[in-house]
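**Student:** What follows is a structure written as structure tokens; I'll ask about it next.
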Amino acid sequence: MEIYQGTIKTFFKEFKDIFDGKKIYLIVDENTFQHINYLEETFSVTSTHLKLESGEKNKNFNNVLKIWNFLNRNNVKSSDLLFILGGGMLTDLAGFAASTYKRGIEFIYFPTSLLAMADAAIGGKTGFNYQFLKNNIGTFTLPKAIFLDTTFLTTLPKIELDSGMAEVYKHSIIGDADLWNYLKVNPKKLDLDYIIQSSKNLKLEIVNKDPYEKSIRKKLNFGHTMGHAIESYLLDSNTPTLHGFAIAKGMIIESFIAKKENLLNENYFHEISTVLSNKFKPYLNFRIDSKSIIRFMLSDKKNTQNTINFSLPVKIGEVTINHELELKKVDSYLLEFFQND
């Protein structure tokens with residue numbers, strides 16, 4: 001797998017080497033449909049495309065079926081190439097469909113959101129939500145290539161960029177204190193190429209050492225045990241939030257748990273909580289039922305009937321894995337957190 005960062009116009013030669021006369025098929029959503037001409041004109045190709053509805057609620061099996069039907073109807077062969085042009089929802093969903101159709105066809109990601117560029121498109125995880133559980137069905141399958149072109153970000157609304165920043169903050173907390181300090185000093189005026197490159201490099205370093213999440217890749221789950229449960233609960237309650245905002249809240253709560261477990265000192269907790277609360281303040285006012293959150297956490301594939309598995313910070317720039325906490329303890333921590341939140 002190759003990752004190219006910069007405008008896709010600069011990668012014409014690299015693309016031609018990958019393309020090599022293959023037939024091109026394209027998956028887009030209602031937001032990224034507008035970019036088809038940019039892609040086709042840049043690479044001098046024509047494609048047959050399928051347009052899906054956008055949004056996390058559409059990351060479901062019905063849309064997997066639509067992609068499979070589209071591929072089957074067009075008699076797509078294993079020698080053909082699938083372009084996936086979209087944010088994290090679409091890269092996960094269409095990547096899964098491609099990884100399972102005819103036991104896998106080659107696909108290329110063109111992520112169009114900050115969330116996808118900094119995190120979702122990198123690392124080989126594909127999947128869809130099943131019965132309101134985040135990424136409950138999926139595979140580990142790497143794309144043939146990823147093109148990170150920040151040109152796509154110019155059309156994104158601010159709320160989408162802010163959501164994507166949550167994963168950038170996560171990467172800084174788990175392994176890049178310099179990035180954290182940069183984000184603290186520059187919370188509004190950011191060099192997108194720099195933060196994407198920093199996030200990409202950190203995630204690749206971890207994934208290359210542990211592609212199937214047996215050990216250190218679990219660090220990337222910081223904020224996600226709680227965050228995915230929050231996201232699933234809000235989706236089930238028909239009051240959905242964007243992924244990044246659920247993860248931001250998850251990181252604050254899990255940092256509180258780390259403090260209660262004497263892993264994270266008060267100063268670090270205060271810094272993480274303050275910086276994240278200030279950055280994401282307009283988006284964290286959702287109402288959460290702690291009992292329901294625990295129910296969703298128990299459905300997480302990392303957890304058991306009696307314990308919840310967390311990756312928890314010990315300082316800014318370092319997260320430790322496999323903290324198995326009893327349900328009663330997690331419940332008491334959540335009650336204490338929400339009473340003071």
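Going through the structure tokens in order, the chains are called A, B, and so on, while each chain numbers its residues from 1 and the ligands are numbered from 1 in the order shown.
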Find the nearest atom pair between each residue of range 50-130 of chain A and range 167-174 of chain A for residues within 12 Å, count only C-alpha atoms, give distances in Å to one decimal, sort rows by chain and ascending number, and present the table as a tab-separated table.

**Tutor:**
residue	atom	partner	partner_atom	distance
A:Gly88	CA	A:Glu167	CA	11.6
A:Ser113	CA	A:Glu167	CA	11.9
A:Leu114	CA	A:Val168	CA	9.0
A:Leu115	CA	A:Glu167	CA	6.7
A:Ala116	CA	A:Glu167	CA	9.4
A:Met117	CA	A:Val168	CA	10.1
A:Ala118	CA	A:Val168	CA	6.6
A:Asp119	CA	A:Glu167	CA	6.6
A:Ala120	CA	A:Glu167	CA	9.0

**Student:** Write a file of the selected residues as an mmCIF file, in the first residue's frame, keeping C-alpha atoms.

**Tutor:**
data_model
loop_
_atom_site.group_PDB
_atom_site.id
_atom_site.type_symbol
_atom_site.label_atom_id
_atom_site.label_comp_id
_atom_site.auth_asym_id
_atom_site.auth_seq_id
_atom_site.Cartn_x
_atom_site.Cartn_y
_atom_site.Cartn_z
ATOM 1 C CA GLY A 88 -14.739 7.951 7.124
ATOM 2 C CA SER A 113 -12.825 14.654 5.273
ATOM 3 C CA LEU A 114 -10.222 15.510 7.891
ATOM 4 C CA LEU A 115 -11.423 12.585 9.991
ATOM 5 C CA ALA A 116 -10.768 10.166 7.138
ATOM 6 C CA MET A 117 -7.411 11.693 6.163
ATOM 7 C CA ALA A 118 -6.051 11.763 9.702
ATOM 8 C CA ASP A 119 -7.454 8.445 10.852
ATOM 9 C CA ALA A 120 -10.276 6.424 9.300
#

**Student:** Taking the DSSP secondary structure from the backbone, can you list the residues of range 227-340 of chain A that are strand (DSSP E or B), as a PyMOL selection string?

**Tutor:** chain A and resi 307-315+318-326

**Student:** Could you check which of A:Lys291, A:Lys279, A:Lys184, A:Lys134 is closest to Glu231 in chain A, using only C-alpha atoms?

**Tutor:**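 Of the candidates, the smallest distance to Glu231 in chain A is held by A:Lys134.
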
**Student:** With distances taken over only C-alpha atoms, which residue among A:Ser290, A:Asn309, A:Leu26, A:Ser299 lies nearest Leu335 in chain A?

**Tutor:** A:Ser290

**Student:** Taking 3 positions as the minimum chain separation for residues in the same chain, which residues sit within 9 Å of Thr139 in chain A when counting only C-alpha atoms? Answer as number ranges by chain.

**Tutor:** A: 95-96, 99-100, 124-127

**Student:** Write a file of the just-selected residues containing N, CA and C atoms, as a tab-separated table (two decimals), in the first residue's frame.

**Tutor:**
chain	number	residue	atom	x	y	z
A	95	GLY	N	-15.04	0.12	1.72
A	95	GLY	CA	-13.86	-0.73	1.88
A	95	GLY	C	-14.25	-2.14	2.28
A	96	PHE	N	-15.24	-2.25	3.18
A	96	PHE	CA	-15.73	-3.58	3.57
A	96	PHE	C	-16.35	-4.29	2.38
A	99	SER	N	-13.72	-5.48	0.12
A	99	SER	CA	-12.86	-6.53	0.69
A	99	SER	C	-13.54	-7.89	0.69
A	100	THR	N	-14.87	-7.91	0.54
A	100	THR	CA	-15.61	-9.18	0.58
A	100	THR	C	-16.18	-9.59	-0.77
A	124	GLY	N	-6.31	0.00	7.57
A	124	GLY	CA	-6.86	-1.24	7.05
A	124	GLY	C	-8.14	-1.73	7.70
A	125	LYS	N	-8.73	-0.96	8.61
A	125	LYS	CA	-10.00	-1.39	9.20
A	125	LYS	C	-11.15	-0.98	8.28
A	126	THR	N	-12.03	-1.93	7.99
A	126	THR	CA	-13.25	-1.64	7.24
A	126	THR	C	-14.44	-2.14	8.06
A	127	GLY	N	-15.65	-1.70	7.72
A	127	GLY	CA	-16.79	-2.24	8.44
A	127	GLY	C	-18.02	-1.37	8.35

**Student:** So that I can check the surroundings of Ile36 in chain A, please list as an mmCIF file with all heavy atoms, in the first residue's frame every protein, DNA and RNA residue that reaches within 9 Å of it, counting only C-alpha atoms and ignoring chain neighbours fewer than 6 positions away.

**Tutor:**
data_model
loop_
_atom_site.group_PDB
_atom_site.id
_atom_site.type_symbol
_atom_site.label_atom_id
_atom_site.label_comp_id
_atom_site.auth_asym_id
_atom_site.auth_seq_id
_atom_site.Cartn_x
_atom_site.Cartn_y
_atom_site.Cartn_z
ATOM 1 N N LEU A 26 -16.546 3.637 -9.212
ATOM 2 C CA LEU A 26 -16.437 4.694 -8.211
ATOM 3 C C LEU A 26 -17.639 4.679 -7.268
ATOM 4 O O LEU A 26 -18.782 4.607 -7.709
ATOM 5 C CB LEU A 26 -16.361 6.051 -8.930
ATOM 6 C CG LEU A 26 -16.339 7.325 -8.096
ATOM 7 C CD1 LEU A 26 -15.112 7.381 -7.198
ATOM 8 C CD2 LEU A 26 -16.368 8.552 -9.012
ATOM 9 N N VAL A 28 -19.369 7.044 -4.384
ATOM 10 C CA VAL A 28 -19.411 8.394 -3.806
ATOM 11 C C VAL A 28 -20.653 8.495 -2.922
ATOM 12 O O VAL A 28 -21.491 7.587 -2.900
ATOM 13 C CB VAL A 28 -19.471 9.489 -4.896
ATOM 14 C CG1 VAL A 28 -18.205 9.503 -5.728
ATOM 15 C CG2 VAL A 28 -20.702 9.310 -5.788
ATOM 16 N N SER A 47 -15.427 6.795 -15.314
ATOM 17 C CA SER A 47 -15.797 5.757 -14.364
ATOM 18 C C SER A 47 -17.308 5.573 -14.347
ATOM 19 O O SER A 47 -18.063 6.468 -14.721
ATOM 20 C CB SER A 47 -15.317 6.131 -12.952
ATOM 21 O OG SER A 47 -15.978 7.311 -12.504
ATOM 22 N N HIS A 49 -20.285 5.059 -11.701
ATOM 23 C CA HIS A 49 -20.325 5.361 -10.275
ATOM 24 C C HIS A 49 -21.650 4.960 -9.623
ATOM 25 O O HIS A 49 -22.674 4.807 -10.282
ATOM 26 C CB HIS A 49 -20.082 6.859 -10.036
ATOM 27 C CG HIS A 49 -21.227 7.733 -10.419
ATOM 28 N ND1 HIS A 49 -21.337 8.316 -11.672
ATOM 29 C CD2 HIS A 49 -22.329 8.133 -9.722
ATOM 30 C CE1 HIS A 49 -22.432 9.027 -11.728
ATOM 31 N NE2 HIS A 49 -23.061 8.950 -10.569
ATOM 32 N N LEU A 85 -14.523 7.530 -2.819
ATOM 33 C CA LEU A 85 -14.353 8.972 -2.681
ATOM 34 C C LEU A 85 -15.316 9.477 -1.604
ATOM 35 O O LEU A 85 -16.506 9.670 -1.856
ATOM 36 C CB LEU A 85 -14.644 9.650 -4.026
ATOM 37 C CG LEU A 85 -14.556 11.173 -4.118
ATOM 38 C CD1 LEU A 85 -13.131 11.657 -3.923
ATOM 39 C CD2 LEU A 85 -15.090 11.651 -5.472
#

**Student:** For Gly86 in chain A, which residue out of A:Met226, A:Ile206, A:Leu327, A:Ile146 is the nearest one, using only C-alpha atoms?

**Tutor:** A:Ile146

**Student:** Work out how far apart CA of Asp300 in chain A and CA of Lys259 in chain A are and give it in Å to one decimal.

**Tutor:**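 We find that CA of Asp300 in chain A and CA of Lys259 in chain A lie 22.9 Å from each other.
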
**Student:** Here is a test: counting only C-alpha atoms, which residue of A:Phe83, A:Phe152, A:Phe140, A:Tyr283 is nearest to Ile247 in chain A?

**Tutor:** A:Tyr283

**Student:** Which is closer to Met297 in chain A than all the others in A:Leu284, A:Leu153, A:Ile196, A:Ala229, using only C-alpha atoms?

**Tutor:**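 Using only C-alpha atoms, Met297 in chain A sits closest to A:Ala229.
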
**Student:** Which residue, A:Asp149, A:Glu213, A:Asp289, A:Glu41, has the smallest gap to Ser237 in chain A when you use only C-alpha atoms?

**Tutor:**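 Nearest to Ser237 in chain A: A:Asp289.
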
**Student:** Would you write out, as a tab-separated table, a table of all residues in range 107-204 of chain A that have an atom no more than 10 Å from an atom of range 51-64 of chain A, listing for each the closest atom pair and the distance in Å to one decimal, considering only C-alpha atoms and ordering rows by chain and rising residue number?

**Tutor:**
residue	atom	partner	partner_atom	distance
A:Gly127	CA	A:Lys59	CA	8.4
A:Phe128	CA	A:Lys59	CA	5.3
A:Asn129	CA	A:Asn60	CA	5.4
A:Tyr130	CA	A:Asn60	CA	6.4
A:Gln131	CA	A:Asn60	CA	8.8
A:Phe132	CA	A:Lys57	CA	8.7
A:Lys134	CA	A:Lys59	CA	9.2
A:Asn135	CA	A:Lys59	CA	8.8
A:Ile137	CA	A:Phe61	CA	9.3

**Student:** Would you kindly return, as a PyMOL selection string, each protein, DNA or RNA residue with an atom no farther than 12 Å from any atom of Asp341 in chain A, considering only C-alpha atoms and excluding same-chain residues fewer than 2 positions away?

**Tutor:** chain A and resi 249+252-253+256+273+277+284-288+333-339

**Student:** Would you save the residues from that selection as a short mmCIF file (atom, residue, chain, number, x, y, z; two decimals), in the first residue's frame, using N, CA, C and O atoms?

**Tutor:**
data_model
loop_
_atom_site.label_atom_id
_atom_site.label_comp_id
_atom_site.auth_asym_id
_atom_site.auth_seq_id
_atom_site.Cartn_x
_atom_site.Cartn_y
_atom_site.Cartn_z
N LYS A 249 -15.67 13.57 23.86
CA LYS A 249 -16.26 13.32 25.18
C LYS A 249 -15.70 12.04 25.79
O LYS A 249 -15.41 11.99 27.00
N ILE A 252 -12.31 12.69 27.36
CA ILE A 252 -12.40 13.40 28.64
C ILE A 252 -12.79 12.43 29.75
O ILE A 252 -12.19 12.40 30.83
N ILE A 253 -13.81 11.60 29.48
CA ILE A 253 -14.28 10.65 30.50
C ILE A 253 -13.20 9.61 30.80
O ILE A 253 -12.95 9.28 31.97
N PHE A 256 -10.62 10.97 32.97
CA PHE A 256 -11.11 10.99 34.35
C PHE A 256 -10.96 9.62 34.99
O PHE A 256 -10.53 9.51 36.16
N SER A 273 -8.67 17.70 29.98
CA SER A 273 -10.08 18.04 30.09
C SER A 273 -10.36 19.47 29.65
O SER A 273 -11.32 19.73 28.90
N SER A 277 -12.38 20.30 26.28
CA SER A 277 -13.67 20.95 26.56
C SER A 277 -13.77 22.29 25.85
O SER A 277 -14.82 22.64 25.29
N LEU A 284 -20.63 19.38 22.75
CA LEU A 284 -20.62 18.34 23.78
C LEU A 284 -21.80 18.44 24.74
O LEU A 284 -21.75 17.91 25.85
N ASN A 285 -22.87 19.07 24.31
CA ASN A 285 -24.02 19.27 25.20
C ASN A 285 -25.06 18.17 25.10
O ASN A 285 -26.22 18.38 25.46
N PHE A 286 -24.68 17.00 24.59
CA PHE A 286 -25.66 15.93 24.46
C PHE A 286 -25.96 15.30 25.83
O PHE A 286 -25.13 15.26 26.72
N ARG A 287 -27.17 14.79 25.96
CA ARG A 287 -27.61 14.13 27.19
C ARG A 287 -27.30 12.65 27.10
O ARG A 287 -27.58 12.00 26.09
N ILE A 288 -26.72 12.10 28.18
CA ILE A 288 -26.26 10.71 28.17
C ILE A 288 -26.81 9.98 29.39
O ILE A 288 -26.78 10.49 30.50
N TYR A 333 -17.60 5.37 38.53
CA TYR A 333 -16.83 6.47 37.94
C TYR A 333 -17.72 7.33 37.04
O TYR A 333 -17.62 8.57 37.04
N LEU A 334 -18.59 6.69 36.26
CA LEU A 334 -19.48 7.44 35.38
C LEU A 334 -20.45 8.30 36.18
O LEU A 334 -20.69 9.47 35.84
N LEU A 335 -21.01 7.74 37.23
CA LEU A 335 -21.93 8.51 38.06
C LEU A 335 -21.23 9.74 38.65
O LEU A 335 -21.78 10.84 38.64
N GLU A 336 -20.00 9.54 39.13
CA GLU A 336 -19.25 10.65 39.70
C GLU A 336 -18.93 11.70 38.63
O GLU A 336 -19.07 12.91 38.87
N PHE A 337 -18.54 11.24 37.45
CA PHE A 337 -18.19 12.17 36.38
C PHE A 337 -19.41 13.02 35.98
O PHE A 337 -19.32 14.24 35.90
N PHE A 338 -20.54 12.37 35.74
CA PHE A 338 -21.71 13.10 35.25
C PHE A 338 -22.32 14.00 36.33
O PHE A 338 -22.95 15.01 36.00
N GLN A 339 -22.14 13.65 37.59
CA GLN A 339 -22.62 14.52 38.65
C GLN A 339 -21.88 15.84 38.68
O GLN A 339 -22.42 16.87 39.11
#

**Student:** Can you tell me how far CA of His228 in chain A sits from CA of Ala166 in chain A, in Å to one decimal?

**Tutor:**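 Rounded to one decimal, the two atoms are 13.2 Å apart.
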
**Student:** What does the distance between CA of Lys315 in chain A and CA of Leu190 in chain A come to in Å, to one decimal place?

**Tutor:**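 These two atoms are separated by 23.6 Å.
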
**Student:** Per residue of range 103-182 of chain A within 8 Å of range 2-24 of chain A, record the nearest atom pair and its distance in Å to one decimal, counting only C-alpha atoms, with rows in chain order and ascending residue number, as CSV.

**Tutor:**
residue,atom,partner,partner_atom,distance
A:Lys144,CA,A:Glu2,CA,6.9
A:Ala145,CA,A:Glu2,CA,4.7
A:Ile146,CA,A:Ile3,CA,4.7
A:Phe147,CA,A:Tyr4,CA,4.9
A:Leu148,CA,A:Gln5,CA,4.6
A:Asp149,CA,A:Thr7,CA,4.7
A:Thr150,CA,A:Thr7,CA,6.9
A:Thr151,CA,A:Thr7,CA,6.6

**Student:** Which polymer residues have any atom within 8 Å of an atom of Ile122 in chain A, counting only C-alpha atoms, with same-chain residues fewer than 6 positions away left out, as a list in words?

**Tutor:**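 Once the nearby chain positions are removed, what remains is Ala116, Lys200, Lys203 and Leu204 of chain A.
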
**Student:** Find the residues around Leu298 in chain A up to 10 Å (only C-alpha atoms counted), leave out those fewer than 3 positions away in its own chain, and share them as an mmCIF file with all heavy atoms, in the first residue's frame.

**Tutor:**
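Saved file around37.cif follows:
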data_model
loop_
_atom_site.group_PDB
_atom_site.id
_atom_site.type_symbol
_atom_site.label_atom_id
_atom_site.label_comp_id
_atom_site.auth_asym_id
_atom_site.auth_seq_id
_atom_site.Cartn_x
_atom_site.Cartn_y
_atom_site.Cartn_z
ATOM 1 N N THR A 225 -13.620 3.415 23.582
ATOM 2 C CA THR A 225 -14.486 2.514 24.342
ATOM 3 C C THR A 225 -15.713 3.285 24.821
ATOM 4 O O THR A 225 -16.856 2.874 24.620
ATOM 5 C CB THR A 225 -13.728 1.915 25.533
ATOM 6 O OG1 THR A 225 -12.625 1.152 25.041
ATOM 7 C CG2 THR A 225 -14.634 1.009 26.359
ATOM 8 N N ALA A 229 -19.585 3.969 22.541
ATOM 9 C CA ALA A 229 -20.826 3.718 23.280
ATOM 10 C C ALA A 229 -21.718 4.955 23.264
ATOM 11 O O ALA A 229 -22.938 4.853 23.095
ATOM 12 C CB ALA A 229 -20.496 3.302 24.713
ATOM 13 N N SER A 292 -27.256 3.096 30.027
ATOM 14 C CA SER A 292 -27.309 2.710 28.616
ATOM 15 C C SER A 292 -25.918 2.688 28.005
ATOM 16 O O SER A 292 -25.609 1.827 27.169
ATOM 17 C CB SER A 292 -28.206 3.675 27.829
ATOM 18 O OG SER A 292 -29.530 3.604 28.280
ATOM 19 N N ILE A 293 -25.067 3.622 28.423
ATOM 20 C CA ILE A 293 -23.694 3.655 27.921
ATOM 21 C C ILE A 293 -22.971 2.368 28.282
ATOM 22 O O ILE A 293 -22.272 1.767 27.449
ATOM 23 C CB ILE A 293 -22.936 4.877 28.490
ATOM 24 C CG1 ILE A 293 -23.543 6.178 27.964
ATOM 25 C CG2 ILE A 293 -21.450 4.805 28.130
ATOM 26 C CD1 ILE A 293 -23.537 6.324 26.477
ATOM 27 N N ILE A 294 -23.137 1.902 29.498
ATOM 28 C CA ILE A 294 -22.495 0.644 29.917
ATOM 29 C C ILE A 294 -23.033 -0.520 29.097
ATOM 30 O O ILE A 294 -22.275 -1.412 28.683
ATOM 31 C CB ILE A 294 -22.700 0.414 31.427
ATOM 32 C CG1 ILE A 294 -21.808 1.384 32.207
ATOM 33 C CG2 ILE A 294 -22.383 -1.034 31.810
ATOM 34 C CD1 ILE A 294 -21.902 1.265 33.704
ATOM 35 N N ARG A 295 -24.341 -0.508 28.838
ATOM 36 C CA ARG A 295 -24.919 -1.584 28.014
ATOM 37 C C ARG A 295 -24.277 -1.625 26.633
ATOM 38 O O ARG A 295 -23.940 -2.705 26.121
ATOM 39 C CB ARG A 295 -26.429 -1.386 27.895
ATOM 40 C CG ARG A 295 -27.139 -2.388 26.984
ATOM 41 C CD ARG A 295 -28.642 -2.284 27.138
ATOM 42 N NE ARG A 295 -29.147 -0.951 26.854
ATOM 43 C CZ ARG A 295 -29.437 -0.516 25.633
ATOM 44 N NH1 ARG A 295 -29.245 -1.304 24.574
ATOM 45 N NH2 ARG A 295 -29.922 0.705 25.443
ATOM 46 N N LYS A 301 -16.668 -5.409 21.118
ATOM 47 C CA LYS A 301 -15.947 -6.669 20.956
ATOM 48 C C LYS A 301 -14.717 -6.788 21.858
ATOM 49 O O LYS A 301 -14.174 -7.869 22.049
ATOM 50 C CB LYS A 301 -15.530 -6.862 19.485
ATOM 51 C CG LYS A 301 -14.841 -5.663 18.841
ATOM 52 C CD LYS A 301 -14.739 -5.811 17.341
ATOM 53 C CE LYS A 301 -14.214 -4.562 16.657
ATOM 54 N NZ LYS A 301 -15.150 -3.424 16.722
ATOM 55 N N LYS A 302 -14.257 -5.681 22.449
ATOM 56 C CA LYS A 302 -13.082 -5.717 23.310
ATOM 57 C C LYS A 302 -13.422 -6.114 24.753
ATOM 58 O O LYS A 302 -12.527 -6.367 25.546
ATOM 59 C CB LYS A 302 -12.392 -4.340 23.323
ATOM 60 C CG LYS A 302 -11.897 -3.858 21.983
ATOM 61 C CD LYS A 302 -11.161 -2.537 22.095
ATOM 62 C CE LYS A 302 -12.069 -1.387 22.414
ATOM 63 N NZ LYS A 302 -13.078 -1.097 21.369
ATOM 64 N N ASN A 303 -14.726 -6.144 25.079
ATOM 65 C CA ASN A 303 -15.115 -6.285 26.477
ATOM 66 C C ASN A 303 -15.740 -7.636 26.781
ATOM 67 O O ASN A 303 -16.097 -8.396 25.882
ATOM 68 C CB ASN A 303 -16.081 -5.154 26.847
ATOM 69 C CG ASN A 303 -15.465 -3.784 26.618
ATOM 70 O OD1 ASN A 303 -14.264 -3.610 26.805
ATOM 71 N ND2 ASN A 303 -16.271 -2.827 26.187
ATOM 72 N N THR A 304 -15.888 -7.943 28.088
ATOM 73 C CA THR A 304 -16.477 -9.207 28.536
ATOM 74 C C THR A 304 -17.750 -8.914 29.310
ATOM 75 O O THR A 304 -18.173 -7.768 29.449
ATOM 76 C CB THR A 304 -15.496 -9.975 29.445
ATOM 77 O OG1 THR A 304 -15.397 -9.274 30.698
ATOM 78 C CG2 THR A 304 -14.115 -10.074 28.815
ATOM 79 N N GLN A 305 -18.361 -9.974 29.842
ATOM 80 C CA GLN A 305 -19.596 -9.824 30.617
ATOM 81 C C GLN A 305 -19.369 -9.042 31.909
ATOM 82 O O GLN A 305 -20.287 -8.426 32.441
ATOM 83 C CB GLN A 305 -20.167 -11.203 30.957
ATOM 84 C CG GLN A 305 -20.758 -11.935 29.765
ATOM 85 C CD GLN A 305 -22.052 -11.289 29.287
ATOM 86 O OE1 GLN A 305 -22.820 -10.767 30.073
ATOM 87 N NE2 GLN A 305 -22.282 -11.315 27.981
ATOM 88 N N ASN A 306 -18.157 -9.080 32.431
ATOM 89 C CA ASN A 306 -17.912 -8.511 33.756
ATOM 90 C C ASN A 306 -16.936 -7.347 33.776
ATOM 91 O O ASN A 306 -16.811 -6.670 34.798
ATOM 92 C CB ASN A 306 -17.375 -9.605 34.695
ATOM 93 C CG ASN A 306 -18.341 -10.767 34.811
ATOM 94 O OD1 ASN A 306 -19.508 -10.565 35.101
ATOM 95 N ND2 ASN A 306 -17.850 -11.978 34.561
ATOM 96 N N THR A 307 -16.223 -7.119 32.680
ATOM 97 C CA THR A 307 -15.210 -6.071 32.681
ATOM 98 C C THR A 307 -15.274 -5.252 31.389
ATOM 99 O O THR A 307 -15.759 -5.714 30.361
ATOM 100 C CB THR A 307 -13.785 -6.647 32.807
ATOM 101 O OG1 THR A 307 -13.499 -7.477 31.668
ATOM 102 C CG2 THR A 307 -13.616 -7.449 34.083
ATOM 103 N N ILE A 308 -14.766 -4.028 31.498
ATOM 104 C CA ILE A 308 -14.627 -3.140 30.344
ATOM 105 C C ILE A 308 -13.139 -2.895 30.133
ATOM 106 O O ILE A 308 -12.400 -2.605 31.082
ATOM 107 C CB ILE A 308 -15.330 -1.782 30.572
ATOM 108 C CG1 ILE A 308 -16.786 -1.984 31.017
ATOM 109 C CG2 ILE A 308 -15.258 -0.938 29.314
ATOM 110 C CD1 ILE A 308 -17.698 -2.543 29.977
ATOM 111 N N ASN A 309 -12.688 -3.037 28.876
ATOM 112 C CA ASN A 309 -11.268 -2.866 28.553
ATOM 113 C C ASN A 309 -11.014 -1.440 28.064
ATOM 114 O O ASN A 309 -11.637 -0.992 27.113
ATOM 115 C CB ASN A 309 -10.861 -3.880 27.475
ATOM 116 C CG ASN A 309 -9.379 -3.851 27.187
ATOM 117 O OD1 ASN A 309 -8.850 -2.853 26.710
ATOM 118 N ND2 ASN A 309 -8.698 -4.951 27.454
ATOM 119 N N LEU A 327 -17.338 -3.813 36.160
ATOM 120 C CA LEU A 327 -18.510 -3.015 35.806
ATOM 121 C C LEU A 327 -18.920 -2.057 36.920
ATOM 122 O O LEU A 327 -19.244 -0.898 36.658
ATOM 123 C CB LEU A 327 -19.690 -3.932 35.480
ATOM 124 C CG LEU A 327 -19.662 -4.651 34.127
ATOM 125 C CD1 LEU A 327 -20.910 -5.499 33.971
ATOM 126 C CD2 LEU A 327 -19.574 -3.647 32.993
#

**Student:** Write down as a PyMOL selection string the residues belonging to range 93-155 of chain A that are assigned alpha helix (DSSP H) by DSSP computed on the backbone.

**Tutor:** chain A and resi 93-100+114-115
